[in-house]
Amino acid sequence: MKYQGSCHCRLVQFEFESEKITSALQCNCSICIRKNAIMSRFYIEPADFKITKGQKTLSIYHWGDEVVNHFFCKNCGIYPFHDTTDYPGKYRINLGCVEDLDCKGLDILQFDGKHEL
Ligand SMILES: [Zn+2]
């Protein structure tokens with residue numbers, strides 16, 4: 001299926017293809033617990049993902065060992081997706097940014113990043 005997403009102010013827009021999304025991931029590491037984001041269960045392959053608007057409006061937050069690129073919109077502050085320096089362009093999506101998706105109704109897996117990362 002094709003999905004469309006955006007940050008809150010819509011300066012950043014993106015689209016991706018994936019199987020129908022029925023499950024998601026939440027993590028309790030120090031950054032995810034603060035965002036409280038419901039994320040895509042899998043990373044989307046570069047060929048299936050495209051930033052359609054606002055590449056320059058994105059900024060990156062790094063912390064710890066800096067392997068994860070935590071993208072956020074410089075205008076509205078929303079985190080739409082992240083990738084890693086090991087696999088740049090392979091994104092995990094903040095499903096709250098995806099149009100026409102009831103992310104609270106998904107089967108949400110809890111990942112214990114607090115202890116496993
Ligand atoms: Zn924005």
# chains A, B, ... in the order shown; residues from 1 in each chain; ligands from 1
>>> residues_near_ligand(ligand="ligand 1", cutoff="7 Å", atoms="only C-alpha atoms and all ligand atoms", output="PyMOL selection string")
chain A and resi 7-12+73-78
>>> residues_around(residues="Glu45 in chain A", least_positions_apart="3", cutoff="8 Å", atoms="only C-alpha atoms", output="JSON, numbers by chain")
{"A": [48, 49, 89, 90, 91]}
>>> residues_around(residues="Ala24 in chain A", least_positions_apart="3", cutoff="9 Å", atoms="only C-alpha atoms", output="VMD selection string")
chain A and resid 21 38 to 42 95 103 106 to 110
>>> write_last_selection(atoms="N, CA and C atoms", output="compact mmCIF listing (two decimals), in the first residue's frame")
# COMPACT_ATOMS: atom_id res chain seq x y z
N ILE A 21 -0.34 -1.72 7.10
CA ILE A 21 0.19 -1.60 8.46
C ILE A 21 -0.87 -2.05 9.47
N ILE A 38 4.34 6.24 18.34
CA ILE A 38 4.01 4.90 17.86
C ILE A 38 4.69 4.77 16.50
N MET A 39 5.65 3.86 16.40
CA MET A 39 6.51 3.80 15.22
C MET A 39 6.20 2.58 14.35
N SER A 40 6.62 2.67 13.09
CA SER A 40 6.45 1.52 12.22
C SER A 40 7.25 0.35 12.80
N ARG A 41 6.70 -0.83 12.66
CA ARG A 41 7.35 -2.00 13.25
C ARG A 41 8.66 -2.30 12.52
N PHE A 42 8.69 -1.99 11.22
CA PHE A 42 9.86 -2.29 10.42
C PHE A 42 10.43 -1.02 9.80
N LEU A 95 4.22 6.77 13.09
CA LEU A 95 2.93 6.48 12.43
C LEU A 95 1.87 7.54 12.72
N CYS A 103 -3.40 4.93 14.26
CA CYS A 103 -2.25 4.25 14.86
C CYS A 103 -2.52 3.77 16.28
N LEU A 106 -3.71 0.05 16.30
CA LEU A 106 -2.83 -1.02 15.82
C LEU A 106 -2.41 -1.93 16.97
N ASP A 107 -1.94 -3.10 16.59
CA ASP A 107 -1.37 -4.02 17.56
C ASP A 107 0.03 -3.50 17.89
N ILE A 108 0.20 -2.96 19.10
CA ILE A 108 1.45 -2.25 19.42
C ILE A 108 2.38 -3.13 20.27
N LEU A 109 3.54 -3.40 19.72
CA LEU A 109 4.55 -4.18 20.43
C LEU A 109 5.41 -3.24 21.27
N GLN A 110 5.71 -3.65 22.48
CA GLN A 110 6.56 -2.84 23.34
C GLN A 110 8.00 -3.34 23.24
>>> residues_around(residues="Ile51 in chain A", least_positions_apart="6", cutoff="10 Å", atoms="only C-alpha atoms", output="PyMOL selection string")
chain A and resi 4-6+12-16
>>> write_last_selection(atoms="C-alpha atoms", output="short mmCIF file (atom, residue, chain, number, x, y, z; two decimals), in the first residue's frame")
data_model
loop_
_atom_site.label_atom_id
_atom_site.label_comp_id
_atom_site.auth_asym_id
_atom_site.auth_seq_id
_atom_site.Cartn_x
_atom_site.Cartn_y
_atom_site.Cartn_z
CA GLN A 4 1.43 9.61 2.77
CA GLY A 5 2.76 11.43 5.78
CA SER A 6 3.77 14.84 7.03
CA VAL A 12 7.85 18.17 5.56
CA GLN A 13 5.95 15.62 3.50
CA PHE A 14 6.83 12.06 2.58
CA GLU A 15 5.40 8.92 1.08
CA PHE A 16 6.24 5.25 1.34
#
>>> residues_around(residues="Ala37 in chain A", least_positions_apart="6", cutoff="9 Å", atoms="only C-alpha atoms", output="list in words")
Leu25, Gln26, Cys27, Tyr79, Asn94, Leu95 and Gly96 of chain A
>>> residues_around(residues="Lys20 in chain A", least_positions_apart="5", cutoff="10 Å", atoms="only C-alpha atoms", output="list in words")
Met1, Lys2 and Tyr3 of chain A
>>> atom_distance(atom1="CA of Leu101 in chain A", atom2="CA of Lys50 in chain A")
18.3 Å
>>> select_by_dssp(residues="range 32-107 of chain A", states="helix (DSSP H, G or I)", output="list in words")
Cys32, Ile33, Arg34, Lys35, Pro46, Ala47, Asp48, Gln55, Lys56, Thr57, Leu95, Gly96, Cys97, Cys103, Lys104 and Gly105 of chain A
>>> residues_around(residues="Lys114 in chain A", least_positions_apart="2", cutoff="7 Å", atoms="only C-alpha atoms", output="number ranges by chain")
A: 28-30, 112, 116-117
>>> write_last_selection(atoms="N, CA and C atoms", output="short mmCIF file (atom, residue, chain, number, x, y, z; two decimals), in the first residue's frame")
data_model
loop_
_atom_site.label_atom_id
_atom_site.label_comp_id
_atom_site.auth_asym_id
_atom_site.auth_seq_id
_atom_site.Cartn_x
_atom_site.Cartn_y
_atom_site.Cartn_z
N ASN A 28 10.85 2.18 25.05
CA ASN A 28 10.93 2.92 26.33
C ASN A 28 12.33 3.48 26.59
N CYS A 29 13.15 3.59 25.55
CA CYS A 29 14.47 4.20 25.77
C CYS A 29 14.29 5.67 26.10
N SER A 30 15.36 6.34 26.50
CA SER A 30 15.23 7.69 27.06
C SER A 30 14.66 8.70 26.06
N ASP A 112 11.79 -3.04 24.69
CA ASP A 112 12.47 -2.61 25.91
C ASP A 112 13.82 -1.97 25.60
N GLU A 116 17.77 -2.78 26.40
CA GLU A 116 18.41 -3.53 25.31
C GLU A 116 19.30 -2.68 24.42
N LEU A 117 19.13 -1.35 24.46
CA LEU A 117 19.94 -0.52 23.55
C LEU A 117 21.30 -0.23 24.17
#
>>> atom_distance(atom1="CA of Val98 in chain A", atom2="CA of Glu19 in chain A")
14.1 Å
>>> select_by_dssp(residues="chain A", states="strand (DSSP E)", output="NGL selection string")
:A and (2-6 or 13-17 or 23-27 or 39-40 or 49-53 or 58-61 or 68-73 or 81-84 or 92-93 or 107-111)
